[in-house]
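Asker: Below is run32.cif; it holds mmCIF, C-alpha atoms.
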data_protein
#
loop_
_atom_site.label_atom_id
_atom_site.label_comp_id
_atom_site.auth_asym_id
_atom_site.auth_seq_id
_atom_site.Cartn_x
_atom_site.Cartn_y
_atom_site.Cartn_z
CA MET A 1 -12.32 10.48 27.70
CA PRO A 2 -8.86 9.22 28.75
CA ASP A 3 -9.98 5.93 27.25
CA GLU A 4 -10.53 7.57 23.87
CA ILE A 5 -7.18 9.33 24.08
CA ARG A 6 -5.50 6.04 24.90
CA ARG A 7 -7.07 4.50 21.79
CA LEU A 8 -5.90 7.39 19.61
CA LEU A 9 -2.38 7.12 21.00
CA ALA A 10 -2.37 3.38 20.29
CA LEU A 11 -3.31 4.09 16.67
CA ALA A 12 -0.57 6.70 16.35
CA PHE A 13 2.05 4.41 17.90
CA VAL A 14 1.22 1.60 15.49
CA PHE A 15 0.94 3.60 12.26
CA ALA A 16 3.64 6.26 12.65
CA PRO A 17 6.60 3.79 12.73
CA LEU A 18 5.07 1.85 9.85
CA SER A 19 5.03 5.06 7.84
CA LEU A 20 8.83 5.08 7.76
CA LEU A 21 9.02 1.41 6.77
CA SER A 22 6.60 1.42 3.88
CA ILE A 23 9.29 0.85 1.29
CA GLY A 24 7.90 0.40 -2.20
CA GLY A 25 4.56 1.94 -1.26
CA GLY A 26 1.71 1.27 1.10
CA ALA A 27 1.03 -2.27 -0.14
CA SER A 28 4.18 -3.44 1.64
CA LEU A 29 2.46 -2.63 4.97
CA LEU A 30 -0.57 -4.81 4.40
CA ALA A 31 0.69 -7.86 6.30
CA GLU A 32 1.78 -5.80 9.30
CA ILE A 33 -1.46 -3.77 9.41
CA GLU A 34 -3.42 -7.04 9.39
CA HIS A 35 -1.25 -8.48 12.16
CA GLN A 36 -1.57 -5.35 14.30
CA SER A 37 -5.30 -4.80 13.92
CA VAL A 38 -6.53 -8.40 14.13
CA THR A 39 -4.01 -10.18 16.37
CA VAL A 40 -2.10 -7.64 18.45
CA ASN A 41 -4.68 -4.94 19.22
CA ALA A 42 -7.96 -6.72 18.38
CA TRP A 43 -9.18 -3.56 16.63
CA THR A 44 -11.12 -5.62 14.09
CA THR A 45 -12.25 -9.20 13.68
CA GLN A 46 -11.03 -11.15 10.65
CA ARG A 47 -14.41 -10.60 9.00
CA GLU A 48 -14.27 -6.84 9.58
CA PHE A 49 -10.69 -6.63 8.37
CA ALA A 50 -11.58 -8.43 5.13
CA ASP A 51 -14.52 -6.04 4.60
CA LEU A 52 -12.46 -2.91 5.29
CA PHE A 53 -9.74 -4.18 2.96
CA ALA A 54 -12.31 -4.63 0.18
CA ILE A 55 -13.73 -1.12 0.75
CA SER A 56 -10.29 0.52 0.82
CA ARG A 57 -9.32 -1.08 -2.49
CA ALA A 58 -12.58 -0.33 -4.27
CA ALA A 59 -12.57 3.36 -3.24
CA PRO A 60 -10.34 5.98 -4.89
CA GLY A 61 -7.06 7.08 -3.37
CA PRO A 62 -3.89 5.40 -2.16
CA GLY A 63 -4.36 1.77 -1.06
CA THR A 64 -3.29 2.69 2.45
CA MET A 65 -6.67 4.31 3.12
CA LEU A 66 -7.14 0.96 4.91
CA SER A 67 -5.46 2.54 7.95
CA THR A 68 -8.02 5.38 7.81
CA LEU A 69 -10.83 2.83 7.97
CA ILE A 70 -9.26 0.95 10.87
CA GLY A 71 -8.86 4.25 12.73
CA TRP A 72 -12.49 5.05 12.01
CA LYS A 73 -13.55 1.64 13.33
CA VAL A 74 -11.52 2.09 16.53
CA ALA A 75 -12.32 5.69 17.46
CA GLY A 76 -14.64 7.31 14.93
CA LEU A 77 -13.66 10.44 13.02
CA ALA A 78 -10.84 11.33 15.42
CA GLY A 79 -9.47 7.81 14.96
CA ALA A 80 -9.66 8.04 11.17
CA LEU A 81 -7.80 11.39 11.23
CA THR A 82 -5.19 10.12 13.69
CA ALA A 83 -4.46 6.97 11.69
CA THR A 84 -4.23 8.89 8.40
CA VAL A 85 -1.90 11.59 9.76
CA ALA A 86 0.22 8.99 11.59
CA LEU A 87 0.67 6.99 8.41
CA TYR A 88 1.45 9.88 6.05
CA LEU A 89 3.17 12.58 8.11
CA PRO A 90 6.47 10.84 8.99
CA SER A 91 7.11 9.63 5.44
CA SER A 92 6.11 13.02 4.01
CA LEU A 93 8.58 14.82 6.30
CA LEU A 94 11.26 12.36 5.23
CA VAL A 95 10.66 12.86 1.53
CA TYR A 96 10.57 16.63 2.07
CA GLY A 97 14.06 16.45 3.53
CA ALA A 98 15.32 13.84 1.11
CA ALA A 99 14.25 15.86 -1.93
CA ARG A 100 16.99 18.37 -1.10
CA LEU A 101 19.68 15.68 -0.93
CA TRP A 102 18.47 13.69 -3.90
CA GLY A 103 20.52 15.55 -6.49
CA ARG A 104 23.70 15.11 -4.50
CA TRP A 105 23.18 11.37 -3.99
CA ARG A 106 22.15 10.58 -7.52
CA GLY A 107 24.35 8.05 -9.26
CA SER A 108 26.50 7.36 -6.20
CA VAL A 109 27.37 3.77 -5.33
CA TRP A 110 25.37 3.92 -2.12
CA HIS A 111 22.29 5.35 -3.70
CA THR A 112 22.19 2.59 -6.33
CA ALA A 113 22.88 -0.13 -3.76
CA VAL A 114 20.14 1.08 -1.42
CA GLU A 115 17.67 1.32 -4.27
CA ARG A 116 18.53 -2.12 -5.65
CA GLY A 117 18.76 -3.68 -2.20
CA LEU A 118 15.36 -2.50 -1.01
CA ALA A 119 13.47 -3.49 -4.16
CA PRO A 120 13.41 -7.28 -3.46
CA ILE A 121 12.35 -6.66 0.15
CA ALA A 122 9.51 -4.44 -1.04
CA ALA A 123 8.42 -7.18 -3.46
CA GLY A 124 8.50 -9.75 -0.66
CA LEU A 125 6.47 -7.50 1.64
CA ILE A 126 3.83 -6.91 -1.01
CA LEU A 127 3.50 -10.67 -1.60
CA ALA A 128 3.31 -11.17 2.18
CA GLY A 129 0.47 -8.63 2.26
CA GLY A 130 -1.52 -10.67 -0.24
CA ILE A 131 -0.92 -13.83 1.79
CA ALA A 132 -1.91 -12.07 5.03
CA VAL A 133 -5.26 -10.89 3.67
CA LEU A 134 -5.94 -14.32 2.13
CA ARG A 135 -5.37 -15.95 5.52
CA VAL A 136 -7.92 -13.78 7.34
CA SER A 137 -10.45 -13.79 4.52
CA PRO A 138 -13.49 -15.75 5.72
CA GLY A 139 -14.62 -16.54 2.16
CA GLY A 140 -12.78 -19.86 2.07
CA ALA A 141 -11.36 -21.70 -0.92
CA ALA A 142 -13.37 -19.66 -3.44
CA VAL A 143 -11.45 -16.51 -2.44
CA TRP A 144 -8.10 -18.28 -2.90
CA ILE A 145 -9.09 -19.51 -6.35
CA ALA A 146 -10.48 -16.12 -7.39
CA ALA A 147 -7.36 -14.34 -6.08
CA ILE A 148 -5.06 -16.63 -8.07
CA ALA A 149 -7.25 -16.27 -11.15
CA SER A 150 -7.20 -12.47 -10.96
CA THR A 151 -3.42 -12.49 -10.41
CA ALA A 152 -3.07 -14.45 -13.63
CA LEU A 153 -5.49 -12.12 -15.46
CA ILE A 154 -3.60 -8.98 -14.44
CA LEU A 155 -0.21 -10.44 -15.33
CA ARG A 156 -1.57 -11.59 -18.70
CA TRP A 157 -3.37 -8.32 -19.50
CA PRO A 158 -1.61 -5.50 -17.58
CA GLY A 159 -3.94 -2.89 -19.11
CA LEU A 160 -6.97 -4.41 -17.40
CA HIS A 161 -8.59 -1.78 -15.19
CA PRO A 162 -8.49 -2.89 -11.54
CA LEU A 163 -11.92 -1.42 -10.83
CA LEU A 164 -13.46 -3.56 -13.59
CA LEU A 165 -11.87 -6.63 -12.05
CA PHE A 166 -13.17 -5.64 -8.58
CA MET A 167 -16.68 -5.27 -9.97
CA ILE A 168 -16.52 -8.65 -11.72
CA GLY A 169 -15.24 -10.30 -8.54
CA GLY A 170 -17.90 -8.67 -6.37
CA ALA A 171 -20.69 -9.47 -8.83
CA LEU A 172 -19.62 -13.12 -9.23
CA PHE A 173 -19.43 -13.73 -5.49
CA GLY A 174 -22.67 -11.85 -4.80
CA LEU A 175 -24.46 -13.82 -7.48
CA ALA A 176 -23.11 -17.13 -6.27
CA GLU A 177 -24.24 -16.34 -2.74
CA ALA A 178 -27.68 -15.10 -3.82
CA THR A 179 -28.36 -18.19 -5.92
CA GLY A 180 -27.07 -20.49 -3.20
CA MET A 181 -24.34 -21.94 -5.40
CA TRP A 182 -22.26 -22.91 -2.39
CA MET B 1 -9.30 11.50 -5.94
CA THR B 2 -10.02 9.70 -9.17
CA SER B 3 -7.02 7.43 -8.66
CA PHE B 4 -8.98 4.20 -8.42
CA GLY B 5 -6.94 1.14 -7.63
CA GLY B 6 -3.76 3.08 -6.98
CA GLY B 7 -2.88 4.60 -10.36
CA THR B 8 -1.98 7.87 -8.67
CA ALA B 9 1.24 8.58 -10.59
CA GLY B 10 -0.35 8.45 -14.05
CA TRP B 11 -3.15 10.73 -13.02
CA LEU B 12 -0.78 13.21 -11.31
CA HIS B 13 1.31 13.35 -14.47
CA ARG B 14 -1.67 14.27 -16.62
CA GLU B 15 -2.88 16.99 -14.24
CA ILE B 16 0.43 18.53 -13.17
CA VAL B 17 2.68 18.19 -16.21
CA GLU B 18 0.43 17.90 -19.26
CA ARG B 19 -2.52 20.11 -18.35
CA ARG B 20 -1.05 22.68 -15.98
CA GLY B 21 2.64 22.67 -16.80
CA TRP B 22 3.62 23.29 -13.17
CA ILE B 23 6.77 21.18 -13.55
CA ASP B 24 8.40 19.49 -16.55
CA ASP B 25 8.82 15.81 -17.40
CA ALA B 26 12.34 15.45 -16.02
CA GLN B 27 11.38 17.02 -12.69
CA PHE B 28 8.33 14.77 -12.54
CA LEU B 29 10.32 11.58 -13.19
CA SER B 30 13.04 12.40 -10.70
CA GLY B 31 10.36 13.23 -8.13
CA ALA B 32 8.51 10.00 -8.86
CA ALA B 33 11.70 7.94 -8.52
CA LEU B 34 12.55 9.51 -5.17
CA GLY B 35 8.93 9.14 -4.05
CA ARG B 36 9.15 5.40 -4.70
CA MET B 37 12.53 4.89 -3.09
CA VAL B 38 11.89 6.48 0.28
CA PRO B 39 9.14 5.12 2.52
CA GLY B 40 5.54 6.16 2.06
CA SER B 41 2.97 6.13 -0.69
CA GLY B 42 4.61 7.00 -4.02
CA GLY B 43 1.74 9.29 -4.97
CA VAL B 44 1.74 11.18 -1.67
CA ASN B 45 5.52 11.56 -1.73
CA LEU B 46 5.41 12.93 -5.26
CA THR B 47 2.69 15.38 -4.23
CA VAL B 48 4.82 16.60 -1.31
CA GLN B 49 7.66 17.38 -3.72
CA VAL B 50 5.48 19.16 -6.25
CA GLY B 51 3.93 21.29 -3.49
CA GLN B 52 7.37 22.01 -2.06
CA ARG B 53 8.78 23.08 -5.42
CA LEU B 54 5.88 25.43 -6.09
CA ARG B 55 5.25 27.00 -2.69
CA GLY B 56 7.56 25.56 -0.02
CA VAL B 57 6.18 24.14 3.21
CA PRO B 58 2.63 25.53 2.84
CA GLY B 59 2.56 24.25 -0.74
CA ALA B 60 3.47 20.74 0.36
CA LEU B 61 0.87 20.80 3.14
CA VAL B 62 -1.94 22.05 0.92
CA ALA B 63 -1.03 19.58 -1.85
CA VAL B 64 -1.13 16.51 0.39
CA PHE B 65 -4.28 17.70 2.12
CA GLY B 66 -5.94 18.15 -1.26
CA LEU B 67 -4.82 14.73 -2.47
CA LEU B 68 -6.07 12.87 0.58
CA LEU B 69 -9.22 14.81 1.49
CA GLY B 70 -11.44 13.38 -1.26
CA PRO B 71 -10.52 9.71 -0.70
CA PHE B 72 -10.72 10.23 3.08
CA VAL B 73 -14.30 11.51 2.91
CA ILE B 74 -15.39 8.90 0.37
CA VAL B 75 -13.85 5.95 2.16
CA VAL B 76 -15.31 6.91 5.55
CA ALA B 77 -18.74 7.65 4.05
CA LEU B 78 -18.71 4.35 2.16
CA ALA B 79 -17.73 2.38 5.24
CA THR B 80 -20.38 4.13 7.36
CA ALA B 81 -23.10 3.46 4.81
CA LEU B 82 -22.09 -0.15 4.26
CA THR B 83 -21.86 -1.07 7.93
CA ARG B 84 -25.28 0.48 8.45
CA ILE B 85 -26.93 -1.73 5.81
CA ASN B 86 -24.57 -4.46 6.85
CA GLN B 87 -24.53 -8.04 7.93
CA SER B 88 -26.46 -9.47 5.00
CA SER B 89 -24.57 -12.50 3.74
CA ALA B 90 -24.86 -11.32 0.13
CA LEU B 91 -23.01 -8.09 0.97
CA HIS B 92 -20.23 -10.07 2.66
CA ALA B 93 -20.01 -12.25 -0.42
CA VAL B 94 -19.63 -9.14 -2.61
CA PHE B 95 -16.86 -7.89 -0.29
CA ASP B 96 -15.13 -11.27 -0.53
CA GLY B 97 -15.26 -11.07 -4.32
CA VAL B 98 -13.83 -7.54 -4.37
CA ALA B 99 -11.17 -8.56 -1.83
CA ALA B 100 -10.20 -11.59 -3.91
CA ALA B 101 -9.70 -9.42 -7.00
CA ALA B 102 -7.76 -6.88 -4.92
CA ILE B 103 -5.53 -9.61 -3.49
CA GLY B 104 -4.87 -10.67 -7.08
CA LEU B 105 -3.83 -7.09 -7.86
CA THR B 106 -1.50 -7.12 -4.84
CA PHE B 107 0.13 -10.41 -5.89
CA ALA B 108 0.49 -9.22 -9.47
CA THR B 109 2.23 -6.01 -8.28
CA GLY B 110 4.66 -8.03 -6.15
CA LEU B 111 5.36 -10.51 -8.93
CA LYS B 112 5.98 -7.73 -11.48
CA LEU B 113 8.56 -6.21 -9.12
CA VAL B 114 10.22 -9.61 -8.82
CA ARG B 115 10.33 -10.10 -12.56
CA PHE B 116 11.86 -6.74 -13.35
CA ARG B 117 14.08 -6.06 -10.40
CA ALA B 118 15.21 -9.36 -8.97
CA ALA B 119 16.06 -11.77 -11.73
CA ALA B 120 19.30 -12.87 -9.97
CA ALA B 121 19.33 -15.60 -7.31
CA GLY B 122 20.31 -13.32 -4.39
CA PRO B 123 17.48 -10.81 -4.66
CA LEU B 124 15.02 -13.62 -5.43
CA ALA B 125 16.03 -15.31 -2.17
CA VAL B 126 15.56 -12.02 -0.29
CA THR B 127 12.06 -11.65 -1.74
CA PHE B 128 11.21 -15.24 -0.86
CA VAL B 129 12.52 -14.99 2.71
CA THR B 130 10.67 -11.69 3.26
CA ALA B 131 7.37 -13.13 2.01
CA LEU B 132 7.92 -16.31 4.06
CA CYS B 133 8.77 -14.57 7.35
CA VAL B 134 6.15 -11.84 7.21
CA GLY B 135 3.38 -13.53 5.23
CA VAL B 136 3.55 -17.21 6.17
CA LEU B 137 5.32 -17.34 9.54
CA ARG B 138 3.62 -14.12 10.69
CA TRP B 139 6.78 -12.59 12.13
CA PRO B 140 6.45 -8.85 12.81
CA MET B 141 7.57 -6.82 9.84
CA ILE B 142 9.80 -4.25 11.54
CA PRO B 143 12.56 -6.61 12.83
CA VAL B 144 12.42 -8.64 9.61
CA VAL B 145 13.04 -5.54 7.50
CA PHE B 146 15.81 -4.33 9.81
CA CYS B 147 17.59 -7.69 9.52
CA LEU B 148 17.13 -8.18 5.79
CA ALA B 149 17.74 -4.62 4.57
CA PRO B 150 21.50 -4.54 5.39
CA VAL B 151 21.95 -8.01 3.88
CA SER B 152 20.14 -7.05 0.70
CA ILE B 153 21.87 -3.67 0.35
CA GLY B 154 25.23 -5.36 1.03
CA LEU B 155 24.44 -7.90 -1.63
CA ALA B 156 23.66 -5.13 -4.11
CA LEU B 157 26.99 -3.43 -3.25
CA VAL B 158 28.98 -6.66 -3.64
CA THR B 159 27.43 -7.64 -6.96
CA ARG B 160 28.05 -4.13 -8.22
CA TYR B 161 31.73 -4.26 -7.32
CA GLY B 162 31.94 -7.77 -8.75
CA ARG B 163 30.72 -6.52 -12.07
CA ASN B 164 33.08 -3.54 -12.11
CA ALA B 165 36.18 -5.58 -11.21
#
Represent the supplied structure as structure tokens.
Answerer:
Amino acid sequence: MPDEIRRLLALAFVFAPLSLLSIGGGASLLAEIEHQSVTVNAWTTQREFADLFAISRAAPGPGTMLSTLIGWKVAGLAGALTATVALYLPSSLLVYGAARLWGRWRGSVWHTAVERGLAPIAAGLILAGGIAVLRVSPGGAAVWIAAIASTALILRWPGLHPLLLFMIGGALFGLAEATGMW
Amino acid sequence: MTSFGGGTAGWLHREIVERRGWIDDAQFLSGAALGRMVPGSGGVNLTVQVGQRLRGVPGALVAVFGLLLGPFVIVVALATALTRINQSSALHAVFDGVAAAAIGLTFATGLKLVRFRAAAAGPLAVTFVTALCVGVLRWPMIPVVFCLAPVSIGLALVTRYGRNA
């Protein structure tokens, strides 16, 4: 039992600080979540991480449900709950407080500077997240090519539904594997 | 719960503003902007504010719980089912394909932010250094953000004053 509690505490200590650093949304945390769960804590193998990432993106809800899945992998239902609460509670408390100050800050020099200053960091973190998942993905060169191709597709046609793209990607790779194309 | 692929804001707008009229457009937009600026998922942050405006602390709690419960159940059920079938190479290949498309979505999101927000050399450099340190060199994210955030915010302050002067 203490072992399980230790695992839950480890989850909370990893995800709660990240909650307050997820500027620009959950996608900015991807690289750090990968680093923590594969390298630092050995919660998942690279293969498992790639699978959980795929599941979390194909399912409904915020992209950060990935943390829920890692928690589930580490310590079952209690782990899934711990990781989810740890990731959402701190940032929710912050926004609850900030909502009261928002009106007062609006338009001030500092407010604009913080907003404009954090945006490029958020963009960099999101790109880093894509790189991090690519690096652990065991699918090899085909995954890199498909990832670049789908990046180009989405930038070219922004209205393209992500789920459609996920299904095409999954079907193509499944088919290629089943027919022994590589 | 139906927010596949992360389109939470659009869906929230339809349900909360258009269909139920709980808050108006201006309140929604200001809430969405704040939700994006502070840490956390934009959709969850927006939901906290809507709940707060309607019913205070219990409203915020119920709203977030409602938003996350569906995805939580689905994602855990899906993962349980899939790991039980598991370990066939075809299933892994399907996961790889979905992951590749999802990585593409991630890159596209990052690149769109770069295009709209960071056309100047300074912010572009910040984006590049962040992606390099965290993504390529595998440095831990927390110290990187703590070092770069003051630089980037300072840069935004300086360029702002430069333009005003």
Asker: Set the distance at 8 Å and use only C-alpha atoms: which residues neighbour stretch 152-158 of chain A once local chain neighbours fewer than 3 positions away are removed? I'd like the list as a list in words.
Answerer: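 Answer for this query is Ile148 and Ala149 of chain A; Gly104, Leu105, Ala108 and Lys112 of chain B.
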Asker: Determine, counting only C-alpha atoms, which protein, DNA and RNA residues have an atom within 8 Å of an atom of B:Gln49; residues of the same chain fewer than 5 positions away are not included. Present the result as a PyMOL selection string.
Answerer: (chain A and resi 95-96+99) or (chain B and resi 31+60)
Asker: Grab the residues selected above and save them as a CSV table (one decimal), in the coordinates of the input with C-alpha atoms.
Answerer:
chain,number,residue,atom,x,y,z
A,95,VAL,CA,10.7,12.9,1.5
A,96,TYR,CA,10.6,16.6,2.1
A,99,ALA,CA,14.2,15.9,-1.9
B,31,GLY,CA,10.4,13.2,-8.1
B,60,ALA,CA,3.5,20.7,0.4
Asker: Report as a PyMOL selection string the residues that result from applying the PyMOL selection byres ((chain A) within 6 of (chain B)) to the structure here.
Answerer: chain A and resi 19-26+32+51+54+60-62+91-92+113-114+117+120-121+123-128+130-132+139+143+146-147+150-151+162+166+169-170+173-174+177
Asker: Could you check how far atom CA of A:Ala78 sits from atom CA of A:Asp3, in Å to one decimal?
Answerer: 13.0 Å
Asker: Just the number, please: distance in Å from atom CA of A:Arg6 to atom CA of A:Ser37, one decimal.
Answerer: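 Those two atoms sit 15.4 Å apart.
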Asker: Take atom CA of B:Arg20 and atom CA of A:Leu101 and report the distance between them in Å, one decimal.
Answerer: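 Separation of atom CA of B:Arg20 and atom CA of A:Leu101: 26.6 Å.
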Asker: Give as an NGL selection string every residue, naming chains and numbers as the document does, that has an atom within 10 Å of (3.0, 3.9, 12.9), counting all atoms listed in the file.
Answerer: :A and (10-21 or 33 or 67 or 83-90)
Asker: Evaluated on this file, the PyMOL selection byres ((chain A and resi 45) around 12) picks out some residues - which ones are they, written as a PDB file with C-alpha atoms, in the frame of the given file?
Answerer:
ATOM      1  CA  GLU A  34      -3.420  -7.040   9.390  1.00  0.00           C
ATOM      2  CA  HIS A  35      -1.250  -8.480  12.160  1.00  0.00           C
ATOM      3  CA  GLN A  36      -1.570  -5.350  14.300  1.00  0.00           C
ATOM      4  CA  SER A  37      -5.300  -4.800  13.920  1.00  0.00           C
ATOM      5  CA  VAL A  38      -6.530  -8.400  14.130  1.00  0.00           C
ATOM      6  CA  THR A  39      -4.010 -10.180  16.370  1.00  0.00           C
ATOM      7  CA  VAL A  40      -2.100  -7.640  18.450  1.00  0.00           C
ATOM      8  CA  ASN A  41      -4.680  -4.940  19.220  1.00  0.00           C
ATOM      9  CA  ALA A  42      -7.960  -6.720  18.380  1.00  0.00           C
ATOM     10  CA  TRP A  43      -9.180  -3.560  16.630  1.00  0.00           C
ATOM     11  CA  THR A  44     -11.120  -5.620  14.090  1.00  0.00           C
ATOM     12  CA  GLN A  46     -11.030 -11.150  10.650  1.00  0.00           C
ATOM     13  CA  ARG A  47     -14.410 -10.600   9.000  1.00  0.00           C
ATOM     14  CA  GLU A  48     -14.270  -6.840   9.580  1.00  0.00           C
ATOM     15  CA  PHE A  49     -10.690  -6.630   8.370  1.00  0.00           C
ATOM     16  CA  ALA A  50     -11.580  -8.430   5.130  1.00  0.00           C
ATOM     17  CA  ASP A  51     -14.520  -6.040   4.600  1.00  0.00           C
ATOM     18  CA  LEU A  52     -12.460  -2.910   5.290  1.00  0.00           C
ATOM     19  CA  ILE A  70      -9.260   0.950  10.870  1.00  0.00           C
ATOM     20  CA  LYS A  73     -13.550   1.640  13.330  1.00  0.00           C
ATOM     21  CA  VAL A  74     -11.520   2.090  16.530  1.00  0.00           C
ATOM     22  CA  VAL A 136      -7.920 -13.780   7.340  1.00  0.00           C
ATOM     23  CA  SER A 137     -10.450 -13.790   4.520  1.00  0.00           C
ATOM     24  CA  PRO A 138     -13.490 -15.750   5.720  1.00  0.00           C
TER      25      PRO A 138
END
Asker: Any chance you could work out the axis-aligned box around stretch 91-110 of chain B, listed atoms only, 8 Å on each side, giving centre and edge lengths in Å to one decimal, as AutoDock Vina command-line options?
Answerer:
--center_x -9.2 --center_y -9.1 --center_z -3.4 --size_x 43.7 --size_y 22.2 --size_z 28.1
Asker: Find the residues around B:Ile23 up to 10 Å (only C-alpha atoms counted), leave out those fewer than 3 positions away in its own chain, and share them as number ranges by chain.
Answerer: B: 13, 16-18, 20, 26-28, 50, 53-54
Asker: Would you fill the gaps in stretch 36-52 of chain A so it has N, CA and C atoms, then print it as a CSV table (one decimal), in the coordinates of the input?
Answerer:
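out03.csv was written with the following content:
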chain,number,residue,atom,x,y,z
A,36,GLN,N,-1.3,-6.3,13.2
A,36,GLN,CA,-1.6,-5.4,14.3
A,36,GLN,C,-3.1,-5.2,14.6
A,37,SER,N,-3.9,-5.1,13.6
A,37,SER,CA,-5.3,-4.8,13.9
A,37,SER,C,-6.1,-6.0,14.3
A,38,VAL,N,-5.8,-7.2,13.8
A,38,VAL,CA,-6.5,-8.4,14.1
A,38,VAL,C,-5.9,-9.1,15.4
A,39,THR,N,-4.6,-9.4,15.3
A,39,THR,CA,-4.0,-10.2,16.4
A,39,THR,C,-3.6,-9.4,17.6
A,40,VAL,N,-2.7,-8.3,17.3
A,40,VAL,CA,-2.1,-7.6,18.4
A,40,VAL,C,-3.1,-6.8,19.2
A,41,ASN,N,-3.8,-5.9,18.5
A,41,ASN,CA,-4.7,-4.9,19.2
A,41,ASN,C,-6.2,-5.3,19.2
A,42,ALA,N,-6.5,-6.3,18.5
A,42,ALA,CA,-8.0,-6.7,18.4
A,42,ALA,C,-8.9,-5.5,18.0
A,43,TRP,N,-8.4,-4.7,17.1
A,43,TRP,CA,-9.2,-3.6,16.6
A,43,TRP,C,-10.3,-4.0,15.7
A,44,THR,N,-10.1,-5.1,15.0
A,44,THR,CA,-11.1,-5.6,14.1
A,44,THR,C,-11.1,-7.1,14.2
A,45,THR,N,-12.2,-7.7,13.9
A,45,THR,CA,-12.2,-9.2,13.7
A,45,THR,C,-11.7,-9.5,12.3
A,46,GLN,N,-11.5,-10.8,12.0
A,46,GLN,CA,-11.0,-11.2,10.6
A,46,GLN,C,-12.0,-10.7,9.6
A,47,ARG,N,-13.3,-11.0,9.9
A,47,ARG,CA,-14.4,-10.6,9.0
A,47,ARG,C,-14.4,-9.1,8.7
A,48,GLU,N,-14.3,-8.3,9.8
A,48,GLU,CA,-14.3,-6.8,9.6
A,48,GLU,C,-13.0,-6.4,8.8
A,49,PHE,N,-11.9,-7.0,9.1
A,49,PHE,CA,-10.7,-6.6,8.4
A,49,PHE,C,-10.8,-6.9,6.9
A,50,ALA,N,-11.4,-8.1,6.5
A,50,ALA,CA,-11.6,-8.4,5.1
A,50,ALA,C,-12.5,-7.4,4.5
A,51,ASP,N,-13.6,-7.0,5.2
A,51,ASP,CA,-14.5,-6.0,4.6
A,51,ASP,C,-13.8,-4.7,4.4
A,52,LEU,N,-13.1,-4.2,5.4
A,52,LEU,CA,-12.5,-2.9,5.3
A,52,LEU,C,-11.4,-2.9,4.2
